[in-house]
Every structure is written in C-alpha cells, then in structure tokens.
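Have a look at my_file-v7.cif; it's mmCIF, C-alpha atoms:
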```cif
data_protein
#
loop_
_atom_site.label_atom_id
_atom_site.label_comp_id
_atom_site.auth_asym_id
_atom_site.auth_seq_id
_atom_site.Cartn_x
_atom_site.Cartn_y
_atom_site.Cartn_z
CA MET A 1 31.59 12.90 -57.04
CA THR A 2 30.61 10.09 -54.70
CA GLN A 3 29.18 10.69 -51.25
CA SER A 4 32.32 9.28 -49.61
CA ALA A 5 34.49 11.72 -51.55
CA GLU A 6 32.40 14.76 -50.69
CA LYS A 7 33.78 17.19 -48.18
CA LEU A 8 31.62 17.12 -45.07
CA PRO A 9 30.43 20.45 -43.67
CA ARG A 10 32.60 21.38 -40.68
CA VAL A 11 30.82 22.49 -37.51
CA LEU A 12 32.51 23.73 -34.34
CA ILE A 13 30.54 23.36 -31.09
CA VAL A 14 31.65 25.80 -28.40
CA GLU A 15 30.18 24.40 -25.18
CA ASP A 16 31.68 23.90 -21.71
CA ASP A 17 29.28 21.14 -20.66
CA ALA A 18 31.46 18.19 -21.69
CA ARG A 19 28.69 15.58 -21.62
CA LEU A 20 26.25 17.73 -23.60
CA ALA A 21 28.95 18.66 -26.11
CA SER A 22 29.93 15.01 -26.59
CA LEU A 23 26.35 13.81 -27.08
CA THR A 24 25.64 16.64 -29.53
CA GLN A 25 28.86 15.95 -31.41
CA GLU A 26 28.03 12.24 -31.77
CA TYR A 27 24.51 12.99 -33.01
CA LEU A 28 25.66 15.52 -35.60
CA ILE A 29 28.44 13.23 -36.83
CA ARG A 30 25.91 10.41 -37.31
CA ASN A 31 23.93 12.84 -39.46
CA GLY A 32 26.72 13.67 -41.88
CA LEU A 33 28.65 16.53 -40.32
CA GLU A 34 32.29 16.86 -39.33
CA VAL A 35 32.18 18.19 -35.78
CA GLY A 36 34.79 19.63 -33.44
CA VAL A 37 34.31 20.76 -29.84
CA GLU A 38 35.86 23.63 -27.88
CA SER A 39 35.03 24.39 -24.23
CA ASP A 40 36.82 27.70 -23.58
CA GLY A 41 35.81 31.03 -25.08
CA ASN A 42 39.31 32.42 -25.53
CA ARG A 43 40.54 29.27 -27.25
CA ALA A 44 37.38 29.24 -29.36
CA ILE A 45 38.20 32.66 -30.80
CA ARG A 46 41.63 31.50 -31.94
CA ARG A 47 40.30 28.21 -33.28
CA ILE A 48 37.46 29.79 -35.26
CA ILE A 49 39.79 32.30 -36.91
CA GLU A 50 42.46 29.69 -37.66
CA ASP A 51 40.21 26.81 -38.79
CA GLN A 52 37.38 28.79 -40.46
CA PRO A 53 34.65 26.16 -39.85
CA ASP A 54 31.56 26.20 -42.05
CA MET A 55 29.42 26.91 -39.00
CA VAL A 56 29.75 27.62 -35.28
CA VAL A 57 27.28 26.48 -32.61
CA LEU A 58 28.09 28.83 -29.75
CA ASP A 59 26.94 28.62 -26.13
CA LEU A 60 26.32 31.91 -24.36
CA MET A 61 27.82 30.99 -20.97
CA LEU A 62 31.46 29.95 -21.25
CA PRO A 63 34.67 30.10 -19.23
CA GLY A 64 37.12 32.66 -20.54
CA ALA A 65 35.37 34.89 -23.07
CA ASP A 66 31.59 34.45 -23.02
CA GLY A 67 29.59 33.66 -26.13
CA LEU A 68 28.74 37.28 -26.88
CA SER A 69 32.41 38.24 -26.70
CA VAL A 70 33.43 35.31 -28.90
CA CYS A 71 30.83 36.27 -31.50
CA ARG A 72 31.83 39.94 -31.49
CA GLU A 73 35.55 39.19 -31.72
CA VAL A 74 35.42 36.66 -34.57
CA ARG A 75 33.12 38.92 -36.58
CA ALA A 76 35.55 41.79 -36.03
CA GLN A 77 38.31 39.55 -37.40
CA GLY A 78 36.36 38.80 -40.56
CA PHE A 79 34.70 35.44 -39.85
CA GLN A 80 31.58 35.38 -42.04
CA GLN A 81 30.21 31.85 -41.75
CA PRO A 82 26.93 31.24 -39.85
CA ILE A 83 26.91 31.38 -36.04
CA LEU A 84 24.05 29.71 -34.18
CA MET A 85 23.92 30.87 -30.57
CA LEU A 86 22.69 28.61 -27.77
CA THR A 87 21.40 30.15 -24.57
CA ALA A 88 19.77 28.80 -21.43
CA ARG A 89 18.26 32.24 -20.96
CA THR A 90 14.96 33.23 -22.51
CA GLU A 91 15.02 37.01 -22.10
CA ASP A 92 14.65 39.01 -25.30
CA MET A 93 17.72 41.06 -24.40
CA ASP A 94 20.03 38.05 -24.61
CA GLN A 95 18.70 37.19 -28.05
CA VAL A 96 18.97 40.81 -29.21
CA LEU A 97 22.53 41.12 -27.89
CA GLY A 98 23.52 37.93 -29.67
CA LEU A 99 22.18 39.21 -32.96
CA GLU A 100 23.83 42.59 -32.45
CA MET A 101 27.17 40.84 -31.90
CA GLY A 102 26.72 39.08 -35.26
CA ALA A 103 24.94 35.79 -34.54
CA ASP A 104 22.81 34.51 -37.43
CA ASP A 105 20.23 32.68 -35.35
CA TYR A 106 19.62 31.52 -31.79
CA VAL A 107 17.92 28.66 -30.01
CA ALA A 108 17.08 28.30 -26.31
CA LYS A 109 18.45 25.38 -24.29
CA PRO A 110 17.56 22.69 -23.63
CA VAL A 111 17.12 21.84 -27.30
CA GLN A 112 16.37 18.46 -28.83
CA PRO A 113 19.23 17.22 -31.05
CA ARG A 114 16.95 16.84 -34.06
CA VAL A 115 15.76 20.43 -33.64
CA LEU A 116 19.35 21.66 -33.42
CA LEU A 117 20.22 19.65 -36.53
CA ALA A 118 17.28 21.18 -38.39
CA ARG A 119 18.37 24.71 -37.47
CA ILE A 120 21.95 23.97 -38.52
CA ARG A 121 20.81 22.57 -41.87
CA ALA A 122 18.50 25.54 -42.43
CA LEU A 123 21.37 27.99 -41.92
CA MET A 124 23.66 25.99 -44.18
CA ARG A 125 20.98 25.64 -46.82
CA ARG A 126 20.38 29.37 -46.74
CA SER A 127 24.09 30.03 -47.31
CA ASP A 128 24.24 27.44 -50.09
CA MET A 129 21.17 28.89 -51.81
CA ALA A 130 22.68 32.36 -51.67
CA MET A 131 25.91 31.11 -53.22
CA ASP A 132 24.03 29.21 -55.92
CA ASP A 133 21.69 32.13 -56.66
CA LEU A 134 21.92 34.10 -59.86
CA GLN A 135 25.39 35.52 -60.23
CA GLN A 136 24.22 39.09 -60.61
CA LYS A 137 24.89 42.58 -59.34
CA LEU A 138 22.38 45.12 -58.11
CA ASP A 139 23.40 48.73 -58.69
CA PHE A 140 21.70 51.50 -56.72
CA GLY A 141 24.13 54.29 -57.52
CA GLU A 142 26.44 54.69 -54.53
CA LEU A 143 25.33 51.25 -53.27
CA VAL A 144 26.28 48.12 -55.20
CA ILE A 145 25.43 44.58 -54.09
CA ASP A 146 27.41 41.87 -55.87
CA ASN A 147 25.73 38.54 -55.24
CA GLY A 148 28.42 36.55 -57.01
CA ALA A 149 31.04 37.80 -54.56
CA ARG A 150 28.52 38.30 -51.73
CA ALA A 151 29.94 41.80 -51.42
CA VAL A 152 28.34 45.12 -50.51
CA ILE A 153 30.09 48.23 -51.84
CA LEU A 154 29.20 51.73 -50.65
CA ASN A 155 30.82 54.65 -52.44
CA GLY A 156 33.51 52.36 -53.81
CA VAL A 157 34.37 50.84 -50.41
CA THR A 158 33.53 47.24 -49.47
CA VAL A 159 31.46 47.05 -46.27
CA GLU A 160 31.66 44.05 -43.95
CA PHE A 161 28.42 42.10 -43.49
CA THR A 162 27.67 38.93 -41.58
CA SER A 163 26.13 36.10 -43.58
CA ALA A 164 22.68 36.74 -42.09
CA GLU A 165 22.88 40.49 -42.68
CA TYR A 166 23.90 39.97 -46.29
CA ASP A 167 21.12 37.45 -46.93
CA LEU A 168 18.51 39.85 -45.56
CA LEU A 169 19.88 42.80 -47.54
CA TRP A 170 19.95 40.75 -50.74
CA LEU A 171 16.37 39.59 -50.17
CA LEU A 172 15.14 43.15 -49.65
CA ALA A 173 17.21 44.66 -52.47
CA SER A 174 16.29 41.99 -55.00
CA ASN A 175 12.66 42.81 -54.20
CA ALA A 176 13.19 46.58 -54.39
CA GLY A 177 9.92 48.47 -54.62
CA ARG A 178 7.95 45.64 -53.00
CA ILE A 179 6.93 45.50 -49.34
CA LEU A 180 8.05 42.31 -47.65
CA SER A 181 6.23 41.34 -44.47
CA ARG A 182 8.03 39.82 -41.51
CA GLU A 183 6.18 36.60 -42.35
CA ASP A 184 7.65 36.66 -45.88
CA ILE A 185 11.14 37.31 -44.57
CA PHE A 186 11.03 34.59 -41.91
CA GLU A 187 9.72 32.01 -44.33
CA ARG A 188 12.32 32.76 -46.98
CA LEU A 189 15.34 33.21 -44.74
CA ARG A 190 14.71 30.85 -41.84
CA GLY A 191 12.18 28.39 -43.21
CA ILE A 192 9.88 28.87 -40.22
CA GLU A 193 6.71 30.79 -39.53
CA TYR A 194 6.89 34.16 -37.82
CA ASP A 195 5.60 33.87 -34.25
CA GLY A 196 4.68 37.53 -33.96
CA GLN A 197 7.26 38.21 -31.26
CA ASP A 198 10.71 37.43 -32.65
CA ARG A 199 12.74 40.63 -33.02
CA SER A 200 15.69 39.23 -34.96
CA ILE A 201 14.67 40.77 -38.29
CA ASP A 202 14.20 44.20 -36.71
CA VAL A 203 17.60 43.99 -35.00
CA ARG A 204 19.26 42.97 -38.26
CA ILE A 205 17.61 45.84 -40.14
CA SER A 206 18.92 48.28 -37.53
CA ARG A 207 22.45 46.94 -38.13
CA ILE A 208 22.16 47.03 -41.92
CA ARG A 209 20.88 50.61 -42.25
CA PRO A 210 24.02 52.46 -41.13
CA LYS A 211 26.21 50.06 -43.11
CA ILE A 212 24.52 51.13 -46.35
CA GLY A 213 24.55 54.82 -45.48
CA ASP A 214 20.93 54.93 -44.30
CA ASP A 215 19.91 57.23 -41.46
CA PRO A 216 18.55 54.96 -38.67
CA GLU A 217 16.28 57.76 -37.44
CA ASN A 218 15.00 58.75 -40.88
CA PRO A 219 15.75 55.88 -43.27
CA ARG A 220 15.46 56.58 -46.97
CA ARG A 221 16.69 53.27 -48.40
CA ILE A 222 15.08 50.62 -46.17
CA LYS A 223 11.75 51.94 -44.93
CA THR A 224 9.54 50.46 -42.24
CA VAL A 225 5.96 50.34 -43.50
CA ARG A 226 3.74 50.35 -40.44
CA SER A 227 1.79 47.12 -39.91
CA LYS A 228 3.07 45.76 -43.24
CA GLY A 229 6.82 45.16 -43.20
CA TYR A 230 9.90 46.55 -44.90
CA LEU A 231 10.41 48.27 -48.24
CA PHE A 232 13.74 48.65 -50.06
CA VAL A 233 13.51 51.86 -52.08
CA LYS A 234 15.05 51.68 -55.54
CA GLU A 235 15.99 55.35 -55.63
CA SER A 236 16.76 56.89 -52.24
CA ALA A 237 15.76 60.51 -51.89
#
```
Could the structure of this file be written out as structure tokens, please?
Amino acid sequence: MTQSAEKLPRVLIVEDDARLASLTQEYLIRNGLEVGVESDGNRAIRRIIEDQPDMVVLDLMLPGADGLSVCREVRAQGFQQPILMLTARTEDMDQVLGLEMGADDYVAKPVQPRVLLARIRALMRRSDMAMDDLQQKLDFGELVIDNGARAVILNGVTVEFTSAEYDLLWLLASNAGRILSREDIFERLRGIEYDGQDRSIDVRISRIRPKIGDDPENPRRIKTVRSKGYLFVKESA
C-alpha cells in the first residue's frame, strides 16, 4: 500500500481557543494526521461517540461540559481510543481527576507543538504495539486477558477497560511473578523516564484493582511492593 493510499490517523482536538486550535491543527496535519476541531464540550461528546476518532486531544476548560465531564461521559459510552488531556493547571489533583475519568495521558499548557506531536505519536504507537503483540490469552482462573481481542473477562463477564488501563494490566500480567518498578512501567508504556513524582501509574492501578476483583485495601492479585514497584501474582490467594 502506498503512503498516499494509507488511512491517516484521525485526531479530534477539543479546544475552545480558536487560534490555538487552528495552529495546532495545521501543525498536526503537516505531520501526517487527519485533524478535526471541536470547541464545545457537549458537542464534543456527541462527535466523539459518532465519529470514533483514533485519538482525542482534550482541553480541561471548555464551554458546555468541561474536559473531565467529556472524558467521563465518552468512556461510559464505550469510547476506548486514547485521550490526551490538556490542562493549564499544574495541580496534582487535576491530573489525578483526569486519569480517574479515563484519560490516558496529560500534558500541561502551554505545550510546544512538537512536544504535543511526540506525546500523540507515543500514545498511538503504544496502541499499535499492543494490537500487533502476540495474539495470546492469559488465563488466571476467574480472570482471563485476551490480548487478541484486547478483552478482560472476569468470571465469564467482559469488563470495560480504557486503552491505558488495558495496556498497564497486560504489561503486569504478562510479567506475572516479576516486580516491575515505576521506572520500568513508564519506559515501556510512555517512552519517558519516571520523574519520581508522577502519580498516573498509581491512579491507574487503583482503577484496575476493583475491575479484576481485587480488594483495593488488601490486594491479592496486584500487590504493591514497597520501594520496588508492582507485582502481578500468578495465583491469587
């Protein structure tokens, strides 16, 4: 297939600053992406669900529904593609809330276009690598993880996971019995070094545990190993 015949990845920018959105759109288009823009949160929800873009770049502060509400609503309606949240705020709580609502990654504004492009490509590459990974199934009794279908099944029932949550679970489960440090996880999932402060992995773990039947207060499947990282236990007690 020639480059011209290839389907370009579709990105939706949800941003109410028209000038910033236009400049970002032009830059991303020049770098091989098909890019749409939406300025209103309520319209963005409908558009994301109807169009199913390959990725959403979502501002936190929006007219209509804010970015957190948009993220929560589209995840509730089954949208599973990556969401990169943009925020002018730097407080940890905003980043944590975004991740809890289902965002895959976040970046603080103002952000250089080339940095934004790199983060977008990293998220897309992570999704592509997961889809191209070995088509295999991990069976832990009541918990089954089917990497071919990117599905998680608990007691015969399929459980909804965001793309980022699934990627982290697959990484931990495919390394069952081995402690993975936060540095390992960051490098393999985000392609960047762990800065010692980012809480996104911890937030994601806290969301994954109840979804796989793990007790958040006394986890038996995904254990926190103090000062070392996380351990996926092959046989939960």
(request) Compile the contact shell of Val70 of chain A as a list in words: residues with an atom at most 9 Å away, counting all atoms listed in the file, same-chain residues fewer than 3 positions apart removed. (result) Gly41, Asn42, Ala44, Ile45, Leu58, Ala65, Asp66, Gly67, Glu73, Val74, Arg75 and Met101 of chain A
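By only C-alpha atoms, and with residues fewer than 6 positions from Pro210 of chain A along its chain excluded, the set lying at most 12 Å from it is Leu154, Val159, Glu160, Phe161, Arg204, Pro216, Glu217, Asn218, Pro219, Arg220, Arg221 and Ile222 of chain A.
One finds atom CA of Leu172 of chain A at 22.3 Å from atom CA of Leu84 of chain A.
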(message) So that I can see what lies close to Ile13 of chain A, please list as a VMD selection string the residues with an atom at most 7 Å from it, counting only C-alpha atoms and leaving out residues fewer than 3 positions away in the same chain.
(response) chain A and resid 36 to 38 56 to 58
(request) Apply the PyMOL selection byres ((chain A and resi 62) around 9) to the displayed file and report the matching residues as a PyMOL selection string. (result) chain A and resi 14-16+39-41+59-61+63-67
Just write the chosen residues, C-alpha atoms, as a short mmCIF file (atom, residue, chain, number, x, y, z; two decimals), in the coordinates of the input.
```cif
data_model
loop_
_atom_site.label_atom_id
_atom_site.label_comp_id
_atom_site.auth_asym_id
_atom_site.auth_seq_id
_atom_site.Cartn_x
_atom_site.Cartn_y
_atom_site.Cartn_z
CA VAL A 14 31.65 25.80 -28.40
CA GLU A 15 30.18 24.40 -25.18
CA ASP A 16 31.68 23.90 -21.71
CA SER A 39 35.03 24.39 -24.23
CA ASP A 40 36.82 27.70 -23.58
CA GLY A 41 35.81 31.03 -25.08
CA ASP A 59 26.94 28.62 -26.13
CA LEU A 60 26.32 31.91 -24.36
CA MET A 61 27.82 30.99 -20.97
CA PRO A 63 34.67 30.10 -19.23
CA GLY A 64 37.12 32.66 -20.54
CA ALA A 65 35.37 34.89 -23.07
CA ASP A 66 31.59 34.45 -23.02
CA GLY A 67 29.59 33.66 -26.13
#
```
(message) Within 10 Å of (19.2, 26.1, -23.8) in the file's own coordinates, which protein, DNA or RNA residues have an atom, counting all atoms listed in the file? List them as number ranges by chain.
(response) A: 59-60, 85-90, 106-112
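Between atom CA of Phe186 of chain A and atom CA of Ser200 of chain A lies a distance of 9.6 Å.
The residue that comes closest to Asp105 of chain A, out of A:Asp139, A:Asp51, A:Glu165, A:Asp146 and on the basis of all atoms listed in the file, is A:Glu165.
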(request) Would you mind telling me which residue in A:Arg188, A:Arg150, A:Arg43, A:Arg207 lies nearest to Leu171 of chain A when using only C-alpha atoms? (result) A:Arg188
(request) Just give me the gap between atom CA of Pro82 of chain A and atom CA of Leu117 of chain A in Å, one decimal is fine. (result) 13.8 Å
